[in-house]
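As structure tokens, the structure follows; a few thoughts come after it.
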Amino acid sequence: MENIIETCKSLDYSWLPLEIGNFKLVVTGPDEIAKAQETMSAGKIVLTLPLFHYENDLGWKWCALYDKEVEDYTVHVVMPLFSFVDISFVRQEFEPYWAGLQERCVQGLTKLLINSAENFTYTYMRKGLQNWDYESVMPSELEGFVRDITPKNAVRMINGSYIIAEYRKMDECTGLLLFYNEYRDEFFAELRYQNHPEIDHHLDAKTLGQLENALSEYLTNILCELNSRS
């Protein structure tokens, strides 16, 4: 970790756009580096050191960082209710990692989170998700939750799953994630209550018709139940 801290002090960020779509650049400054050094000097472990990240107004982040736990340089996608690693950027050595970022950073962020339809596979589109009229069963706001992911801007993850909907409380890590997995050809949901994950089987389905019926019957109740815990 000491080596990457020293490297971070001299990094040239001038090649990075200040904005990519609606995402704004935040670089790791001297204060963050000093804090990491102080933490290490106190005998505590620093698991990650961010190099820079892009963030939008919804709190979505595309983070370039060093991950000491796996000893890799990587990109983490960090959303209010979930996070995952973009394995296409993972490298064990800094130089090829930094070169890869300069070559593909804009493209990677844009394709994953801004123009995410570029990530839709034939299987996803054949399922009818891109043209699905979901508004009647998934309104933009429901029971105090805001829907900020839809099947039209679904986020593709690394295990064949797409997050096709997210309902979240804007000021806390509580909400619902709806997935489609193209390998298993099925829909399923996960809940988050103050960042704690839970499986919920009420929205399990194999077809869009089944999913629409399940959403009509259970979505409001699921979100009401989350509210009742507050």
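So you can find residues: chains in the structure tokens are A, B, ... in the order shown, residues in each start at 1, and ligands are numbered from 1 in order.
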
Worksheet entry | Which of region 1-224 of chain A DSSP labels alpha helix (DSSP H), written as a PyMOL selection string | chain A and resi 2-9+30-41+94-109+122-126+208-224

Worksheet item: Could you name the residues that touch region 12-28 of chain A at 12 Å or less, counting only C-alpha atoms, but leaving out those on the same chain fewer than 6 positions away, as a VMD selection string?
Response: chain A and resid 5 34 to 36 49 to 66 98 to 99 101 to 115

Tell me, counting only C-alpha atoms, for each residue of region 110-194 of chain A within 9 Å of region 198-211 of chain A, which pair of atoms is nearest and how far apart they are in Å to one decimal, in rows ordered by chain and increasing number, as CSV.
```
residue,atom,partner,partner_atom,distance
A:Lys127,CA,A:Leu208,CA,7.9
A:Gly128,CA,A:Leu208,CA,8.0
A:Leu129,CA,A:Leu208,CA,8.1
A:Trp132,CA,A:Leu208,CA,8.5
A:Leu178,CA,A:Leu203,CA,8.1
A:Asp185,CA,A:Lys206,CA,6.6
A:Glu186,CA,A:Lys206,CA,4.6
A:Phe187,CA,A:Ala205,CA,5.1
A:Phe188,CA,A:Asp204,CA,4.5
A:Ala189,CA,A:Asp200,CA,5.7
A:Glu190,CA,A:Ile199,CA,4.7
A:Leu191,CA,A:Glu198,CA,5.0
A:Arg192,CA,A:Glu198,CA,6.2
A:Tyr193,CA,A:Glu198,CA,7.9
```

Worksheet item: By how many Å are CA of Asp72 (chain A) and CA of Asn119 (chain A) apart?
Response: 24.8 Å

Fill in: Surrounding residues of Glu172 (chain A) excluding itself and chain neighbours under 6 positions, 12 Å, only C-alpha atoms, as JSON, numbers by chain
{"A": [59, 79, 80, 81, 144, 145, 146, 192, 193, 194, 195, 196, 226, 227, 230]}

Worksheet item: Quick one: residues within 10 Å of region 149-160 of chain A, only C-alpha atoms counted, chain neighbours fewer than 4 positions away excluded, as a ChimeraX atom specification?
Response: /A:77,83-88,111-121,124,128-135,138,140,164-168,177-185

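If you measure from each of A:Asp31, A:Glu93, A:Glu71, A:Glu225 to Thr174 (chain A) using only C-alpha atoms, the closest one turns out to be A:Glu225.
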
Discussion item. Taking only C-alpha atoms into account, name the residue in A:Ser228, A:Ser161, A:Ser136, A:Gln92 that is nearest to Ser216 (chain A).
Written reply: A:Ser136
